[in-house]
Every structure is written in C-alpha cells, then in structure tokens.
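Here's coords_0.csv, which has CSV, C-alpha atoms:
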chain,number,residue,atom,x,y,z
A,1,MET,CA,-96.1,-122.7,-100.0
A,2,LYS,CA,-94.4,-121.7,-96.7
A,3,ASN,CA,-94.4,-125.3,-95.4
A,4,TYR,CA,-92.4,-126.5,-98.4
A,5,LEU,CA,-89.6,-123.9,-98.0
A,6,LEU,CA,-86.7,-124.7,-95.8
A,7,ASN,CA,-83.9,-122.3,-94.9
A,8,LEU,CA,-80.4,-123.2,-96.0
A,9,ASN,CA,-79.1,-123.0,-92.4
A,10,HIS,CA,-81.6,-125.4,-90.9
A,11,LYS,CA,-80.7,-128.8,-89.6
A,12,ILE,CA,-81.8,-132.3,-90.7
A,13,LYS,CA,-84.1,-132.5,-87.7
A,14,GLU,CA,-86.2,-129.6,-89.1
A,15,ALA,CA,-86.2,-131.2,-92.5
A,16,LEU,CA,-87.6,-134.4,-91.1
A,17,VAL,CA,-90.4,-132.6,-89.3
A,18,ARG,CA,-91.4,-130.7,-92.5
A,19,LEU,CA,-91.3,-133.8,-94.6
A,20,GLU,CA,-93.4,-135.6,-92.1
A,21,LYS,CA,-96.1,-132.9,-92.2
A,22,ASN,CA,-96.2,-132.3,-95.9
A,23,GLN,CA,-97.8,-134.5,-98.5
A,24,GLY,CA,-94.9,-134.1,-100.9
A,25,LYS,CA,-91.6,-135.8,-100.5
A,26,CYS,CA,-89.5,-132.8,-101.3
A,27,LEU,CA,-88.5,-129.4,-99.8
A,28,ILE,CA,-87.4,-126.3,-101.6
A,29,VAL,CA,-84.2,-124.9,-100.0
A,30,VAL,CA,-83.8,-121.1,-99.9
A,31,ASP,CA,-81.6,-118.5,-98.2
A,32,LYS,CA,-82.8,-115.7,-95.9
A,33,ASN,CA,-83.9,-113.7,-99.0
A,34,ASN,CA,-86.0,-116.5,-100.4
A,35,VAL,CA,-83.5,-117.1,-103.2
A,36,LEU,CA,-83.5,-120.7,-104.5
A,37,LYS,CA,-80.5,-122.7,-103.4
A,38,GLY,CA,-81.6,-126.3,-104.0
A,39,THR,CA,-83.9,-129.1,-103.1
A,40,LEU,CA,-84.0,-131.8,-100.4
A,41,THR,CA,-86.0,-135.0,-100.6
A,42,ASP,CA,-86.7,-137.6,-98.0
A,43,GLY,CA,-84.3,-139.9,-100.0
A,44,ASP,CA,-81.5,-137.3,-99.7
A,45,VAL,CA,-82.1,-137.2,-95.9
A,46,ARG,CA,-82.0,-141.0,-95.6
A,47,ARG,CA,-78.7,-141.1,-97.6
A,48,ALA,CA,-77.2,-138.4,-95.4
A,49,LEU,CA,-78.0,-140.4,-92.2
A,50,LEU,CA,-76.6,-143.6,-93.8
A,51,ILE,CA,-73.2,-141.9,-94.4
A,52,GLY,CA,-72.8,-140.5,-90.9
A,53,ALA,CA,-75.0,-137.4,-90.5
A,54,ASP,CA,-77.2,-137.0,-87.5
A,55,ILE,CA,-80.4,-135.0,-86.9
A,56,ASN,CA,-78.4,-132.0,-85.8
A,57,SER,CA,-76.3,-131.9,-88.9
A,58,SER,CA,-76.7,-128.9,-91.3
A,59,ILE,CA,-78.6,-129.7,-94.5
A,60,LYS,CA,-76.1,-127.7,-96.6
A,61,LYS,CA,-73.9,-130.6,-97.5
A,62,TYR,CA,-76.8,-132.8,-98.6
A,63,ILE,CA,-79.0,-130.6,-100.8
A,64,ARG,CA,-79.3,-130.8,-104.6
A,65,THR,CA,-77.9,-127.6,-105.8
A,66,LYS,CA,-79.1,-127.8,-109.4
A,67,PRO,CA,-82.9,-128.1,-109.0
A,68,TYR,CA,-85.4,-128.0,-111.9
A,69,TYR,CA,-87.3,-124.7,-111.8
A,70,ILE,CA,-89.5,-122.4,-114.0
A,71,LYS,CA,-88.9,-118.7,-114.6
A,72,ASN,CA,-92.2,-116.9,-114.1
A,73,ASN,CA,-92.1,-115.5,-117.7
A,74,LYS,CA,-93.2,-118.9,-118.9
A,75,LEU,CA,-96.5,-118.4,-117.1
A,76,LYS,CA,-99.4,-116.3,-118.3
A,77,SER,CA,-100.2,-115.6,-114.7
A,78,LYS,CA,-99.2,-116.9,-111.3
A,79,ASN,CA,-100.8,-120.3,-111.4
A,80,VAL,CA,-103.6,-120.2,-114.0
A,81,GLU,CA,-102.5,-120.6,-117.6
A,82,PHE,CA,-99.4,-122.1,-119.1
A,83,GLU,CA,-98.1,-121.5,-122.6
A,84,GLY,CA,-98.8,-124.9,-124.2
A,85,ARG,CA,-95.2,-126.0,-124.9
A,86,ALA,CA,-94.0,-125.0,-121.4
A,87,ARG,CA,-96.8,-127.1,-119.9
A,88,GLN,CA,-95.8,-130.1,-122.0
A,89,GLU,CA,-92.1,-129.7,-121.1
A,90,ILE,CA,-93.0,-129.5,-117.4
A,91,ILE,CA,-95.2,-132.6,-117.4
A,92,LYS,CA,-92.5,-134.6,-119.3
A,93,LYS,CA,-89.7,-133.5,-117.0
A,94,THR,CA,-91.5,-134.1,-113.7
A,95,LYS,CA,-92.7,-137.5,-114.9
A,96,ASN,CA,-89.3,-138.7,-116.2
A,97,ASP,CA,-87.3,-137.4,-113.3
A,98,HIS,CA,-89.8,-138.2,-110.6
A,99,ILE,CA,-90.1,-134.5,-109.5
A,100,ASP,CA,-92.8,-133.8,-107.0
A,101,ILE,CA,-92.5,-130.0,-106.7
A,102,VAL,CA,-91.3,-127.4,-109.2
A,103,PRO,CA,-90.4,-123.9,-107.8
A,104,ILE,CA,-91.4,-120.8,-109.9
A,105,ILE,CA,-88.7,-118.1,-109.6
A,106,ASP,CA,-88.3,-114.5,-110.7
A,107,LYS,CA,-85.3,-112.9,-112.5
A,108,ASN,CA,-83.5,-112.7,-109.1
A,109,LYS,CA,-84.1,-116.5,-108.5
A,110,LYS,CA,-86.5,-115.7,-105.6
A,111,VAL,CA,-89.1,-118.4,-105.2
A,112,LYS,CA,-92.5,-116.9,-106.0
A,113,ASP,CA,-94.7,-120.0,-106.1
A,114,LEU,CA,-94.7,-123.8,-106.3
A,115,ILE,CA,-96.3,-126.2,-108.8
A,116,PHE,CA,-97.0,-129.7,-107.6
A,117,SER,CA,-96.7,-132.5,-110.2
A,118,ARG,CA,-100.1,-134.0,-109.0
A,119,ASP,CA,-101.8,-130.7,-110.0
A,120,LEU,CA,-100.4,-130.2,-113.5
A,121,ASN,CA,-103.4,-131.7,-115.3
A,122,LYS,CA,-105.7,-129.3,-113.3
A,123,ILE,CA,-104.0,-126.2,-114.5
A,124,SER,CA,-105.9,-124.7,-117.4
A,125,PHE,CA,-104.7,-124.2,-120.9
A,126,ASN,CA,-104.3,-120.9,-122.7
A,127,LYS,CA,-107.6,-120.9,-124.6
A,128,LYS,CA,-106.4,-119.2,-127.8
A,129,LEU,CA,-106.3,-122.5,-129.8
A,130,LYS,CA,-109.1,-124.4,-128.0
A,131,ASN,CA,-111.4,-124.4,-131.1
A,132,ILE,CA,-108.7,-125.2,-133.6
A,133,SER,CA,-108.6,-128.6,-135.2
A,134,THR,CA,-105.6,-130.5,-136.5
A,135,LEU,CA,-105.4,-132.9,-139.5
A,136,ILE,CA,-102.5,-135.4,-139.5
A,137,MET,CA,-101.7,-136.6,-143.0
A,138,ALA,CA,-101.0,-140.3,-142.6
A,139,GLY,CA,-102.2,-142.0,-145.8
A,140,GLY,CA,-98.8,-142.2,-147.7
A,141,LYS,CA,-96.7,-145.3,-148.2
A,142,GLY,CA,-93.5,-143.8,-146.6
A,143,VAL,CA,-91.4,-144.5,-149.7
A,144,ARG,CA,-88.4,-142.7,-148.2
A,145,LEU,CA,-88.4,-145.2,-145.3
A,146,LYS,CA,-88.5,-148.3,-147.3
A,147,PRO,CA,-87.9,-151.2,-146.8
A,148,PHE,CA,-89.0,-150.5,-143.2
A,149,THR,CA,-92.4,-149.3,-144.3
A,150,ASN,CA,-93.0,-152.4,-146.4
A,151,TYR,CA,-94.0,-154.0,-143.0
A,152,PHE,CA,-94.7,-151.1,-140.7
A,153,PRO,CA,-96.6,-147.9,-141.5
A,154,LYS,CA,-94.9,-144.5,-141.2
A,155,PRO,CA,-97.5,-143.1,-138.7
A,156,LEU,CA,-96.4,-145.7,-136.1
A,157,THR,CA,-92.7,-145.1,-136.5
A,158,PRO,CA,-91.2,-145.0,-133.0
A,159,VAL,CA,-90.1,-141.5,-131.7
A,160,ASN,CA,-88.4,-142.1,-128.4
A,161,ASP,CA,-91.0,-144.0,-126.4
A,162,LYS,CA,-94.1,-143.2,-128.5
A,163,THR,CA,-95.2,-143.4,-132.1
A,164,ALA,CA,-94.8,-140.4,-134.4
A,165,THR,CA,-98.6,-139.9,-134.4
A,166,GLU,CA,-98.8,-139.9,-130.6
A,167,THR,CA,-95.8,-137.5,-130.4
A,168,ILE,CA,-97.6,-135.0,-132.6
A,169,ILE,CA,-100.9,-135.3,-130.8
A,170,ASP,CA,-99.2,-134.8,-127.4
A,171,ALA,CA,-97.4,-131.7,-128.7
A,172,PHE,CA,-100.5,-130.1,-130.1
A,173,SER,CA,-102.6,-131.1,-127.1
A,174,GLY,CA,-100.2,-129.1,-125.0
A,175,TYR,CA,-101.7,-125.9,-126.7
A,176,GLY,CA,-105.2,-126.8,-125.7
A,177,ILE,CA,-106.1,-128.3,-129.1
A,178,LYS,CA,-108.7,-131.0,-128.5
A,179,LYS,CA,-109.9,-132.2,-131.9
A,180,PHE,CA,-107.7,-134.3,-134.2
A,181,PHE,CA,-108.4,-135.9,-137.6
A,182,ILE,CA,-106.1,-138.4,-139.3
A,183,SER,CA,-106.2,-139.4,-142.9
A,184,LEU,CA,-105.5,-143.1,-143.6
A,185,ASN,CA,-104.9,-145.3,-146.7
A,186,TYR,CA,-101.8,-147.5,-146.6
A,187,LYS,CA,-102.0,-150.1,-143.8
A,188,LYS,CA,-105.0,-148.2,-142.4
A,189,ASN,CA,-106.4,-151.1,-140.4
A,190,LEU,CA,-103.1,-151.6,-138.6
A,191,ILE,CA,-102.9,-147.9,-137.7
A,192,LYS,CA,-106.6,-147.8,-136.6
A,193,SER,CA,-106.2,-150.8,-134.5
A,194,TYR,CA,-103.2,-149.5,-132.7
A,195,LEU,CA,-104.6,-146.0,-132.1
A,196,LYS,CA,-107.9,-147.4,-130.9
A,197,GLU,CA,-106.2,-149.9,-128.6
A,198,ASN,CA,-104.2,-147.0,-127.1
A,199,LYS,CA,-107.4,-145.0,-126.7
A,200,ILE,CA,-106.2,-141.7,-128.3
A,201,PRO,CA,-108.9,-139.2,-127.3
A,202,ASN,CA,-110.8,-137.0,-129.7
A,203,LEU,CA,-109.3,-138.6,-132.8
A,204,HIS,CA,-111.4,-138.9,-135.9
A,205,PHE,CA,-110.4,-141.2,-138.8
A,206,LEU,CA,-110.7,-140.1,-142.4
A,207,GLU,CA,-110.3,-143.0,-144.8
A,208,GLU,CA,-109.0,-142.4,-148.3
A,209,LYS,CA,-110.6,-144.8,-150.8
A,210,LYS,CA,-107.5,-144.2,-152.9
A,211,GLU,CA,-104.3,-142.2,-152.5
A,212,LEU,CA,-105.2,-138.6,-152.4
A,213,GLY,CA,-101.8,-137.0,-152.3
A,214,THR,CA,-100.4,-134.4,-149.9
A,215,ALA,CA,-103.5,-132.1,-150.0
A,216,GLY,CA,-106.4,-134.3,-151.3
A,217,PRO,CA,-107.5,-135.5,-147.8
A,218,ILE,CA,-108.2,-131.9,-146.8
A,219,SER,CA,-111.4,-132.0,-148.9
A,220,MET,CA,-112.9,-134.6,-146.4
A,221,LEU,CA,-113.0,-131.8,-143.8
A,222,LYS,CA,-115.6,-129.9,-145.7
A,223,GLY,CA,-118.5,-129.2,-143.4
A,224,LYS,CA,-116.6,-130.7,-140.4
A,225,ILE,CA,-114.8,-127.5,-139.3
A,226,LYS,CA,-115.6,-123.8,-139.0
A,227,ASN,CA,-112.3,-122.3,-137.9
A,228,ASP,CA,-108.8,-122.2,-139.2
A,229,PHE,CA,-107.0,-125.5,-138.8
A,230,PHE,CA,-103.6,-127.1,-138.7
A,231,VAL,CA,-102.4,-129.7,-141.2
A,232,ILE,CA,-99.2,-131.7,-140.5
A,233,ASN,CA,-97.4,-134.6,-142.1
A,234,CYS,CA,-97.2,-137.6,-139.8
A,235,ASP,CA,-93.4,-137.7,-140.0
A,236,THR,CA,-93.0,-134.0,-139.1
A,237,ILE,CA,-91.7,-133.7,-135.5
A,238,VAL,CA,-91.3,-130.0,-134.6
A,239,SER,CA,-90.6,-127.9,-131.6
A,240,LEU,CA,-92.6,-124.7,-132.3
A,241,ASN,CA,-94.8,-122.2,-130.4
A,242,LEU,CA,-98.1,-122.9,-132.2
A,243,GLU,CA,-99.6,-119.7,-130.7
A,244,LYS,CA,-97.0,-117.5,-132.4
A,245,PHE,CA,-97.5,-119.3,-135.6
A,246,TYR,CA,-101.3,-118.8,-135.3
A,247,ASP,CA,-100.9,-115.1,-134.5
A,248,PHE,CA,-98.6,-114.7,-137.6
A,249,HIS,CA,-101.3,-116.4,-139.7
A,250,LYS,CA,-104.2,-114.3,-138.4
A,251,LYS,CA,-102.4,-111.0,-138.3
A,252,ASN,CA,-101.4,-111.2,-142.0
A,253,ASN,CA,-104.8,-112.7,-143.1
A,254,PHE,CA,-103.1,-115.5,-145.0
A,255,LYS,CA,-105.2,-118.1,-146.7
A,256,ILE,CA,-102.4,-120.6,-146.1
A,257,SER,CA,-99.4,-120.3,-143.8
A,258,LEU,CA,-96.6,-122.8,-143.9
A,259,VAL,CA,-93.6,-123.4,-141.6
A,260,ALA,CA,-90.1,-123.5,-143.2
A,261,ALA,CA,-86.8,-124.5,-141.6
A,262,SER,CA,-83.6,-122.7,-142.5
A,263,LYS,CA,-81.3,-125.4,-143.9
A,264,LYS,CA,-77.7,-124.9,-145.0
A,265,PHE,CA,-76.4,-127.2,-147.7
A,266,THR,CA,-72.7,-127.5,-148.6
A,267,LEU,CA,-71.7,-128.8,-152.0
A,268,ALA,CA,-69.1,-131.5,-151.6
A,269,TYR,CA,-67.1,-130.3,-154.7
A,270,GLY,CA,-65.5,-127.1,-156.0
A,271,SER,CA,-67.9,-124.9,-158.0
A,272,CYS,CA,-66.6,-123.6,-161.3
A,273,LYS,CA,-67.6,-120.1,-162.4
A,274,ILE,CA,-67.1,-119.7,-166.1
A,275,LYS,CA,-67.5,-117.1,-168.9
A,276,ARG,CA,-70.5,-118.1,-170.9
A,277,LYS,CA,-69.1,-117.0,-174.2
A,278,ASN,CA,-66.2,-119.3,-174.4
A,279,GLY,CA,-66.2,-121.5,-171.3
A,280,GLU,CA,-63.1,-119.9,-169.8
A,281,LEU,CA,-62.7,-120.4,-166.1
A,282,LYS,CA,-63.2,-117.3,-164.0
A,283,ALA,CA,-62.8,-118.9,-160.5
A,284,ILE,CA,-63.3,-122.0,-158.4
A,285,GLU,CA,-65.2,-121.7,-155.2
A,286,GLU,CA,-64.4,-124.6,-152.9
A,287,LYS,CA,-67.4,-126.4,-151.3
A,288,PRO,CA,-69.8,-123.4,-151.4
A,289,SER,CA,-72.7,-123.3,-149.0
A,290,MET,CA,-76.3,-122.4,-149.8
A,291,ASN,CA,-79.1,-121.5,-147.5
A,292,TYR,CA,-82.7,-122.5,-148.2
A,293,LEU,CA,-86.0,-122.3,-146.4
A,294,ALA,CA,-87.3,-125.9,-146.4
A,295,ASN,CA,-91.0,-126.6,-146.2
A,296,ILE,CA,-91.4,-129.0,-143.2
A,297,GLY,CA,-95.0,-130.1,-143.8
A,298,LEU,CA,-96.9,-128.0,-141.2
A,299,TYR,CA,-99.6,-125.6,-142.3
A,300,LEU,CA,-102.4,-123.4,-141.1
A,301,LEU,CA,-105.3,-123.0,-143.5
A,302,LYS,CA,-108.5,-121.0,-143.5
A,303,PRO,CA,-111.7,-123.3,-143.5
A,304,GLU,CA,-112.8,-122.2,-147.0
A,305,ILE,CA,-109.7,-124.0,-148.4
A,306,THR,CA,-111.7,-127.3,-148.0
A,307,LYS,CA,-114.1,-126.1,-150.7
A,308,ILE,CA,-111.5,-125.6,-153.5
A,309,ILE,CA,-109.9,-129.1,-153.3
A,310,PRO,CA,-111.5,-131.7,-155.6
A,311,LYS,CA,-113.3,-134.5,-153.8
A,312,ASN,CA,-111.8,-138.0,-154.1
A,313,LYS,CA,-109.0,-136.9,-156.4
A,314,SER,CA,-105.3,-136.9,-155.8
A,315,PHE,CA,-104.2,-133.3,-155.2
A,316,GLU,CA,-100.8,-132.0,-154.1
A,317,MET,CA,-100.0,-129.2,-151.6
A,318,ASP,CA,-97.9,-127.3,-154.1
A,319,THR,CA,-100.8,-127.4,-156.6
A,320,LEU,CA,-103.1,-126.0,-153.9
A,321,ILE,CA,-100.7,-123.2,-153.0
A,322,LYS,CA,-100.4,-122.2,-156.6
A,323,LYS,CA,-104.2,-122.3,-157.0
A,324,VAL,CA,-104.6,-120.0,-153.9
A,325,LYS,CA,-102.0,-117.5,-155.1
A,326,LYS,CA,-103.5,-117.5,-158.6
A,327,SER,CA,-106.9,-116.5,-157.2
A,328,GLY,CA,-105.3,-113.6,-155.2
A,329,GLY,CA,-105.0,-115.3,-151.9
A,330,LYS,CA,-102.0,-114.7,-149.7
A,331,VAL,CA,-99.6,-117.5,-148.6
A,332,GLY,CA,-97.3,-116.9,-145.6
A,333,VAL,CA,-94.0,-118.5,-144.6
A,334,PHE,CA,-93.2,-118.8,-140.9
A,335,PRO,CA,-89.4,-119.5,-140.6
A,336,ILE,CA,-87.9,-121.6,-137.8
A,337,ASN,CA,-84.3,-122.8,-137.2
A,338,ALA,CA,-83.3,-126.2,-138.4
A,339,GLU,CA,-82.7,-127.5,-134.9
A,340,SER,CA,-86.5,-127.2,-134.1
A,341,TRP,CA,-87.4,-129.8,-136.8
A,342,LYS,CA,-86.9,-133.5,-137.2
A,343,ASP,CA,-88.0,-135.1,-140.5
Rewrite the structure from the file as structure tokens, please.
Amino acid sequence: MKNYLLNLNHKIKEALVRLEKNQGKCLIVVDKNNVLKGTLTDGDVRRALLIGADINSSIKKYIRTKPYYIKNNKLKSKNVEFEGRARQEIIKKTKNDHIDIVPIIDKNKKVKDLIFSRDLNKISFNKKLKNISTLIMAGGKGVRLKPFTNYFPKPLTPVNDKTATETIIDAFSGYGIKKFFISLNYKKNLIKSYLKENKIPNLHFLEEKKELGTAGPISMLKGKIKNDFFVINCDTIVSLNLEKFYDFHKKNNFKISLVAASKKFTLAYGSCKIKRKNGELKAIEEKPSMNYLANIGLYLLKPEITKIIPKNKSFEMDTLIKKVKKSGGKVGVFPINAESWKD
C-alpha cells in the first residue's frame, strides 16, 4: 500500500517516479497524518505539464479532491468479505468511472487499506446466502406494459444498459447467490434465446405449459431445493440488503416473508365527511393523503411451501398467503422506503 500513497507536499517529479514503479495508474494523496486528500493519475500529471507545470511543481493544484472511497464499516473485515450490495456498487463504480484504486478510510478519513479494481472479483463473498436459490417469475404477458409487450417480453425490458432479468441476477449475485431459476411462458423462446446467447451462468429454465399465475410456478421447484429461497417478479427492481431480509425471515420463523414499500397516495379531490343518518356534511378535507405498505413482489419462502401449491394449475400469491395463514403459518412483512423500489 505504501507505494501508492503520496504526500500532499510532494512534487510532480516524485509522482512520476511512483507512477512508473507501480502497476496502477493512480496514486492516493494523503497529508502527514495519512488523511485522504485526493487522487492523482498519470493523466492528471500529463495535463498539468501541458498547462505549464514542471517536474518541480507541487502536486497540490492538480489533484482530484473528491475521490471515490469506502468507509471501512462497509467491510466485514479488512480485505476478506464484502456485504453483497457494497461489492456490487464498488464494481459498478470502478468500471463506469475507470477507477483503478479505491482507498478504504476510517471515521477520521485516514487511509487504512486499498482495493484494486483488478482484484475485486477475487474478494470472497459473505457466505450467508451462498446456498440460497432465487426464482424469477417471468411467465406473465406484461399486460400493464402493453402495447410494448405485444412485441417484446417483459423480462427483457431494458433497465439502464441491461435487461430487467440481468439486473435482478446481478443484484442477487452480489450477495453470493449462485443458483437461479426463471419461469417462462409468454414468448419463452425469445427469452431463452437471449439469455442463452448472453451466457447467464447458473440459470435454470422452468417452462410453464400454461399460465400458472403469480405463485403456480413455485410448485416446479419441488425436489429441486432444500433451503429457504427467494421469489421475485421479473419487473421488480429493488435496492435492498438481502442479508437483513433473510435474517428477519429466519429470526421470526416465518413461512413466507414479503417486502413492502411505504407508498403515500394523495387524493386529487376534497374528501367529504358526512353524518350517516341524514347525509349532512361535517367537513371537507382537501386532498387527503394516505399511507400504504405496497407488496413489491419479492418474497422469501421455506422449502416446504413448494409442496402445498397444486401442480400445473394456476395459483396466485395472495391465495398461497391465505392458505399458509389459515394453516397456522406465520407471514412476515419487511418494510422498505419507496425510493428503494422501481416497478
């Protein structure tokens, strides 16, 4: 690490020597107390020389003072295990912004360690969810997206630079989840062709012979899984700590846990409050707001749930939940804020 740290008071000459010796093209600039002050790349040095600096000029004027960094509370330990979402965020950021080195700092902004982008894929996952599978529900016709889905299936809907399905798989893979199932019916051949061509690893196709509803495809997992598993709709894009959701589910021994987003709805009209006996107006409340917990389409289920869903029959998730509750099973609701969910 020492070779990649450069004191704020050093000159361009020293920066050139360090950059020449190091494999990376970036230096982390610190003060005498090792407090992070910025970064300096070989490109920054070249631009400095082009605008009149010389090798004896101080680097202070040419450093980038708002570097990307990680606080060490995002790490399980110094350099061994990431929380899944943090790892995904780091990979995306370093790739998109062409960042070679990411400093890890403490609460006083002192540099404690460095992560090199080339090594990110070598850093191990937190292993809590490594044996957990995920089922992506992708058999529906996407009625709400018509007429778009008359020609293009919902699972392949673009989300930034990837499809919705790939976005979900990337997010869940970031938590160490390795095994994915996807249920298909509508335009299944097009979806299979795309996913196979893009070589999505560890993805198993479950083909519905007919539409099986929002819970029916779960029956096809019978005998294929032994542990609790995630179920997610193919149009549910969510930013969520899956480990915390899993801990919530296990701690409370829920048969089914669902994620719900807090949504505020405002009535566009005045709401009349009246006396029921004679219809006399008591008051008008202008544009009242109501808060609801909206089911976003992400669940955690115990493996025995696969046995209580009828095979090859349409079956809805609300029916399944009622059936579980009627038999004495507990169903949990894990709330998140609305900003964490895109439908």
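Note that atom CA of Glu208 of chain A and atom CA of Leu301 of chain A are 20.3 Å apart.
The coordinates place atom CA of Thr94 of chain A at 22.0 Å from atom CA of Ala15 of chain A.
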Nearby residues (all atoms listed in the file) at most 10 Å from Lys25 of chain A, same-chain spacing under 2 positions excluded, as number ranges by chain: A: 4, 18-23, 27, 40-43, 99-101
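Distances to Leu267 of chain A were evaluated for A:Thr39, A:Ser289, A:Asn7, A:Asn253 using all atoms listed in the file, and the minimum falls at A:Ser289.
Nearest residue to Ala261 of chain A, choosing from A:Ser193, A:Ser183, A:Ser219, A:Ser340 and counting only C-alpha atoms: A:Ser340.
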Non-local contacts of Asn337 of chain A (12 Å; all atoms listed in the file; under 3 positions in same chain excluded) as a PyMOL selection string: chain A and resi 238-240+259-264+291-296+334+340-342
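Closest approach to Asp161 of chain A among A:Asn131, A:Asn241, A:Asn96, A:Thr214 is made by A:Asn96 (distances from all atoms listed in the file).
With atom CA of Ile168 of chain A on one side and atom CA of Asn233 of chain A on the other, the separation reads 9.5 Å.
Among A:His249, A:Lys188, A:Lys224, A:Lys282, the residue with the shortest atom-to-atom distance to Pro155 of chain A, counting all atoms listed in the file, is A:Lys188.
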